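Trainee: Take a look at my_file.csv, CSV, C-alpha atoms:
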```
chain,number,residue,atom,x,y,z
A,1,MET,CA,-27.9,42.5,-18.4
A,2,ASN,CA,-31.1,44.2,-19.6
A,3,LEU,CA,-31.9,47.9,-20.3
A,4,LYS,CA,-33.3,48.6,-16.8
A,5,GLU,CA,-30.3,47.0,-15.0
A,6,LEU,CA,-27.9,49.1,-17.2
A,7,ARG,CA,-29.8,52.3,-16.4
A,8,GLU,CA,-29.9,51.6,-12.6
A,9,LYS,CA,-26.3,50.7,-12.7
A,10,ASN,CA,-25.5,54.2,-14.0
A,11,LYS,CA,-28.0,55.7,-11.5
A,12,LEU,CA,-30.0,57.5,-14.2
A,13,THR,CA,-33.7,58.3,-14.5
A,14,GLN,CA,-35.5,57.1,-17.6
A,15,ALA,CA,-35.5,60.7,-19.0
A,16,ALA,CA,-31.8,61.2,-18.4
A,17,PHE,CA,-31.0,57.7,-19.8
A,18,GLY,CA,-33.1,58.4,-22.9
A,19,SER,CA,-31.5,61.8,-23.4
A,20,SER,CA,-28.0,60.3,-23.4
A,21,LEU,CA,-29.1,57.9,-26.2
A,22,GLY,CA,-31.1,60.5,-28.2
A,23,VAL,CA,-34.6,59.1,-27.4
A,24,SER,CA,-37.3,60.1,-25.0
A,25,GLY,CA,-37.8,58.9,-21.4
A,26,LYS,CA,-41.1,57.5,-22.5
A,27,ALA,CA,-39.4,55.3,-25.1
A,28,ILE,CA,-37.1,53.9,-22.3
A,29,TYR,CA,-40.2,53.3,-20.1
A,30,LEU,CA,-42.0,51.4,-22.9
A,31,ILE,CA,-38.9,49.3,-23.7
A,32,GLU,CA,-38.3,48.4,-20.0
A,33,SER,CA,-42.0,47.5,-19.5
A,34,GLY,CA,-41.9,45.2,-22.6
A,35,ASN,CA,-44.4,47.3,-24.6
A,36,MET,CA,-41.8,48.3,-27.2
A,37,ASN,CA,-39.0,46.4,-28.8
A,38,LEU,CA,-35.3,47.5,-28.4
A,39,SER,CA,-34.1,48.2,-32.0
A,40,LYS,CA,-30.7,47.2,-33.3
A,41,LYS,CA,-29.9,50.9,-33.9
A,42,LEU,CA,-30.6,51.7,-30.2
A,43,SER,CA,-28.7,48.6,-29.1
A,44,ASP,CA,-25.7,49.8,-31.1
A,45,LYS,CA,-26.0,53.3,-29.5
A,46,ILE,CA,-26.0,51.8,-26.0
A,47,ALA,CA,-22.9,49.8,-26.8
A,48,GLU,CA,-21.2,53.0,-28.1
A,49,VAL,CA,-22.1,55.2,-25.1
A,50,TYR,CA,-22.0,52.8,-22.2
A,51,GLY,CA,-19.8,50.0,-23.5
A,52,GLU,CA,-22.5,47.3,-22.8
A,53,PHE,CA,-24.3,45.2,-25.4
A,54,ILE,CA,-28.1,44.8,-24.8
A,55,GLU,CA,-29.7,42.2,-27.1
A,56,PRO,CA,-32.2,43.7,-29.5
A,57,THR,CA,-35.8,42.5,-29.0
A,58,GLY,CA,-37.1,43.2,-32.5
A,59,ARG,CA,-38.5,40.6,-34.8
A,60,ARG,CA,-35.2,39.8,-36.5
A,61,ALA,CA,-33.5,39.3,-33.1
A,62,LYS,CA,-36.3,36.9,-32.0
A,63,ALA,CA,-36.1,35.1,-35.3
A,64,ALA,CA,-32.3,34.7,-34.9
A,65,ALA,CA,-32.8,33.4,-31.4
A,66,ALA,CA,-35.4,30.9,-32.5
A,67,ARG,CA,-33.1,29.7,-35.3
A,68,ALA,CA,-30.3,29.2,-32.8
A,69,GLU,CA,-32.5,27.3,-30.4
A,70,LYS,CA,-33.8,25.1,-33.2
A,71,LYS,CA,-30.3,24.3,-34.3
A,72,ALA,CA,-29.2,23.5,-30.7
A,73,ASP,CA,-32.2,21.2,-30.4
A,74,ALA,CA,-31.3,19.4,-33.6
A,75,ILE,CA,-27.7,18.9,-32.4
A,76,ALA,CA,-28.9,17.5,-29.1
A,77,THR,CA,-31.3,15.2,-30.9
A,78,ASP,CA,-28.5,13.9,-33.2
A,79,ALA,CA,-26.2,13.4,-30.3
A,80,ALA,CA,-28.8,11.4,-28.4
A,81,GLN,CA,-29.6,9.3,-31.4
A,82,ALA,CA,-25.8,8.6,-31.9
A,83,VAL,CA,-25.6,7.4,-28.3
A,84,LEU,CA,-28.7,5.1,-28.8
A,85,ASP,CA,-27.2,3.7,-32.0
A,86,ALA,CA,-23.8,3.0,-30.2
A,87,GLU,CA,-25.6,1.2,-27.4
A,88,LYS,CA,-27.6,-0.9,-29.8
A,89,LYS,CA,-24.3,-1.9,-31.6
A,90,VAL,CA,-22.7,-2.9,-28.3
A,91,ASP,CA,-25.8,-5.0,-27.2
A,92,LYS,CA,-25.8,-6.7,-30.6
A,93,ARG,CA,-22.1,-7.6,-30.2
A,94,LYS,CA,-22.7,-8.9,-26.7
A,95,ARG,CA,-25.5,-11.1,-27.9
A,96,LYS,CA,-23.3,-12.5,-30.7
A,97,ALA,CA,-20.4,-13.2,-28.3
A,98,LYS,CA,-22.7,-14.9,-25.8
A,99,ALA,CA,-24.3,-17.1,-28.6
A,100,LYS,CA,-20.8,-18.1,-29.8
A,101,VAL,CA,-19.7,-19.1,-26.3
A,102,GLN,CA,-22.9,-21.2,-25.9
A,103,ALA,CA,-22.3,-22.8,-29.3
A,104,ASP,CA,-18.6,-23.6,-28.6
A,105,LYS,CA,-19.2,-24.9,-25.1
A,106,PRO,CA,-19.9,-28.6,-26.0
A,107,ALA,CA,-16.7,-28.6,-28.2
A,108,VAL,CA,-14.6,-27.1,-25.5
A,109,GLU,CA,-15.9,-29.6,-22.9
A,110,ALA,CA,-15.2,-32.5,-25.3
A,111,VAL,CA,-11.6,-31.3,-25.9
A,112,ALA,CA,-11.1,-30.9,-22.1
A,113,GLU,CA,-12.3,-34.5,-21.5
A,114,ALA,CA,-10.1,-35.8,-24.3
A,115,VAL,CA,-7.1,-34.1,-22.8
A,116,ALA,CA,-7.9,-35.1,-19.2
A,117,ALA,CA,-8.2,-38.8,-19.9
A,118,PRO,CA,-4.5,-39.3,-21.1
A,119,VAL,CA,-3.3,-37.0,-18.3
A,120,GLU,CA,-5.1,-39.0,-15.7
A,121,ALA,CA,-3.8,-42.3,-17.2
A,122,VAL,CA,-0.2,-40.9,-17.1
A,123,ALA,CA,-0.7,-39.8,-13.5
A,124,GLU,CA,-1.8,-43.2,-12.5
A,125,ALA,CA,1.0,-44.9,-14.4
A,126,VAL,CA,3.6,-42.6,-12.7
A,127,ALA,CA,2.0,-42.9,-9.3
A,128,VAL,CA,2.8,-46.7,-9.0
A,129,PRO,CA,6.6,-46.4,-9.6
A,130,VAL,CA,6.8,-43.3,-7.4
A,131,GLU,CA,5.2,-45.2,-4.5
A,132,ALA,CA,7.5,-48.1,-5.1
A,133,VAL,CA,10.6,-45.8,-5.1
A,134,ALA,CA,9.3,-44.1,-2.0
A,135,ALA,CA,8.9,-47.4,-0.2
A,136,ALA,CA,12.4,-48.6,-1.4
A,137,VAL,CA,14.0,-45.4,-0.1
A,138,ALA,CA,12.0,-45.4,3.2
A,139,ALA,CA,12.9,-49.0,4.2
A,140,PRO,CA,16.7,-48.4,4.5
A,141,MET,CA,16.1,-45.1,6.3
A,142,GLU,CA,13.8,-46.7,8.8
A,143,ALA,CA,16.3,-49.5,9.3
A,144,ALA,CA,19.1,-47.0,9.9
A,145,VAL,CA,17.0,-45.1,12.4
A,146,GLU,CA,16.1,-48.3,14.3
A,147,LYS,CA,19.8,-49.4,14.3
A,148,LYS,CA,20.9,-46.0,15.7
A,149,ALA,CA,18.2,-46.2,18.4
A,150,ARG,CA,19.3,-49.7,19.4
A,151,LYS,CA,22.9,-48.5,19.6
A,152,ARG,CA,22.0,-45.7,21.9
A,153,ALA,CA,20.0,-47.9,24.1
A,154,ALA,CA,22.9,-50.4,24.3
A,155,LYS,CA,25.4,-47.7,25.2
A,156,PRO,CA,25.8,-47.4,29.0
A,157,ALA,CA,24.7,-44.1,30.6
A,158,VAL,CA,27.5,-41.9,31.9
A,159,SER,CA,27.0,-40.6,35.5
A,160,VAL,CA,28.5,-37.2,36.2
A,161,VAL,CA,29.3,-36.4,39.9
A,162,ILE,CA,30.7,-33.0,41.0
A,163,GLN,CA,33.0,-33.3,44.1
A,164,SER,CA,33.7,-30.5,46.7
A,165,PRO,CA,37.2,-30.0,47.9
A,166,MET,CA,35.8,-30.8,51.3
A,167,GLY,CA,34.5,-34.1,50.2
A,168,GLY,CA,30.8,-33.4,49.3
A,169,GLU,CA,29.2,-34.7,46.1
A,170,ILE,CA,26.4,-33.5,43.9
A,171,THR,CA,25.1,-34.4,40.4
A,172,PRO,CA,24.0,-32.0,37.6
A,173,GLU,CA,20.5,-33.4,37.9
A,174,GLU,CA,20.3,-32.4,41.5
A,175,ILE,CA,21.6,-28.9,40.8
A,176,CYS,CA,19.0,-28.4,38.0
A,177,ALA,CA,16.2,-29.8,40.3
A,178,ARG,CA,17.1,-27.2,43.0
A,179,ILE,CA,17.4,-24.3,40.5
A,180,GLY,CA,14.4,-25.1,38.4
A,181,ARG,CA,14.1,-23.7,34.9
A,182,ALA,CA,17.2,-21.8,33.7
A,183,ASP,CA,18.8,-20.9,30.4
A,184,THR,CA,22.4,-21.3,31.6
A,185,VAL,CA,24.0,-22.7,34.8
A,186,TYR,CA,27.7,-22.0,35.8
A,187,ILE,CA,29.3,-24.2,38.4
A,188,ARG,CA,32.1,-22.8,40.7
A,189,VAL,CA,33.3,-25.5,43.0
A,190,ASP,CA,35.9,-23.3,44.5
A,191,GLN,CA,33.2,-20.9,45.6
A,192,ASN,CA,30.6,-23.6,46.5
A,193,LYS,CA,28.2,-21.9,44.1
A,194,ALA,CA,26.0,-22.6,41.1
A,195,TYR,CA,25.1,-19.4,39.2
A,196,TRP,CA,22.0,-19.5,37.0
A,197,VAL,CA,20.6,-17.2,34.3
A,198,ARG,CA,17.0,-17.1,33.3
A,199,GLY,CA,16.3,-14.4,30.6
A,200,GLU,CA,17.2,-11.1,32.3
A,201,GLU,CA,17.1,-12.7,35.8
A,202,HIS,CA,20.1,-14.3,37.5
A,203,GLY,CA,20.9,-15.8,40.9
A,204,ASP,CA,22.9,-18.5,42.7
A,205,ILE,CA,22.6,-21.4,45.1
A,206,ASP,CA,25.0,-23.1,47.5
A,207,LEU,CA,26.2,-26.5,46.2
A,208,TRP,CA,26.8,-28.0,49.7
```
Kindly present the structure from the file in structure tokens form.
Mentor:
Amino acid sequence: MNLKELREKNKLTQAAFGSSLGVSGKAIYLIESGNMNLSKKLSDKIAEVYGEFIEPTGRRAKAAAARAEKKADAIATDAAQAVLDAEKKVDKRKRKAKAKVQADKPAVEAVAEAVAAPVEAVAEAVAVPVEAVAAAVAAPMEAAVEKKARKRAAKPAVSVVIQSPMGGEITPEEICARIGRADTVYIRVDQNKAYWVRGEEHGDIDLW
């Protein structure tokens, strides 16, 4: 807040404002227009009367402001230089690490090849017995499967026939053919019905 803003805030003329501070209205005019510096004494008086601090505009105040600005610039410059130095250190470390990786790459590849060769040899040596064991195990299993298949083929098929109390006959295959696809089929010979269930659907057919 400057002098004019404080005066207008209190709704005072330059003459009334100056009178409250013990100076003339012309002095207030000159200070507000920038043609006269605000002294520290008058600044202290303003703070005492109005409770507001207005920065003095005398030579000492300007010199103090200049010193503070110079100090702030120096701090900012030092901080920027510190950032640059840190970035340079990081870049230097990255270059060193990259150079070390490039230098160590041939040695790493050589070690990898030296390790890989015995591993591949062991894998090849193990593969032959494994294949032999697999073949030895598979042969009896295949023989057992073939024997079981031959046994089933040799076993005579059983024919199932459902008889009606009245003398009619029907096979399960015929019932399924008439019903079509179904999850479950229930035969009730005494009712002459085959009841079927297909998901949530159900129904029945006459057997004879």
Trainee: Could you please determine the separation between atom CA of A:Leu12 and atom CA of A:Ala27 in Å, to one decimal place?
Mentor: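 Interatomic distance, atom CA of A:Leu12 to atom CA of A:Ala27: 14.6 Å.
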Trainee: Could you check how far atom CA of A:Ala80 sits from atom CA of A:Lys98, in Å to one decimal?
Mentor: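 Calculated distance between atom CA of A:Ala80 and atom CA of A:Lys98 is 27.1 Å.
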Trainee: Quick check, in Å to one decimal: how far apart do atom CA of A:Lys41 and atom CA of A:Lys70 lie?
Mentor: 26.1 Å
Trainee: Just the residues within 9 Å of A:Ile187, please, counting all atoms listed in the file, with nothing from its chain fewer than 6 positions along; format it as a ChimeraX atom specification.
Mentor: /A:193-196,207
Trainee: List the spatial neighbours of A:Ile205 as number ranges by chain - criterion: any atom at most 12 Å away, all atoms listed in the file, same-chain residues fewer than 4 positions off excluded.
Mentor: A: 174-180, 185-189, 191-197
Trainee: Which residue, A:Asp183, A:Lys45, A:Leu30, A:Gly168, has the smallest gap to A:Trp208 when you use only C-alpha atoms?
Mentor: A:Gly168
Trainee: Kindly indicate which residue among A:Ile46, A:Ala121, A:Ala144, A:Ala97 lies nearest to A:Val23, using all atoms listed in the file for the distances.
Mentor: A:Ile46
Trainee: Find, counting all atoms listed in the file, the residue in A:Ala153, A:Ala117, A:Leu21, A:Val158 that gets nearest to A:Arg7.
Mentor: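 When distances to A:Arg7 are compared using all atoms listed in the file, the smallest one comes from A:Leu21.
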Trainee: For a quick check of understanding, using all atoms listed in the file, which of A:Met1, A:Met166, A:Ala99, A:Ala79 has the smallest distance to A:Pro56?
Mentor: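 Nearest candidate to A:Pro56 out of A:Met1, A:Met166, A:Ala99, A:Ala79: A:Met1.
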Trainee: Out of A:Arg67, A:Thr184, A:Lys147, A:Asp206, which residue has the shortest atom-to-atom distance to A:Ile170 when counting all atoms listed in the file?
Mentor: A:Asp206
Trainee: Compile the contact shell of A:Leu3 as a VMD selection string: residues with an atom at most 9 Å away, counting only C-alpha atoms, same-chain residues fewer than 2 positions apart removed.
Mentor: chain A and resid 1 5 to 8 28 31 to 32 38 54
Trainee: Produce a file of the selected residues containing C-alpha atoms, as a CSV table (one decimal), in the coordinates of the input.
Mentor:
```csv
chain,number,residue,atom,x,y,z
A,1,MET,CA,-27.9,42.5,-18.4
A,5,GLU,CA,-30.3,47.0,-15.0
A,6,LEU,CA,-27.9,49.1,-17.2
A,7,ARG,CA,-29.8,52.3,-16.4
A,8,GLU,CA,-29.9,51.6,-12.6
A,28,ILE,CA,-37.1,53.9,-22.3
A,31,ILE,CA,-38.9,49.3,-23.7
A,32,GLU,CA,-38.3,48.4,-20.0
A,38,LEU,CA,-35.3,47.5,-28.4
A,54,ILE,CA,-28.1,44.8,-24.8
```
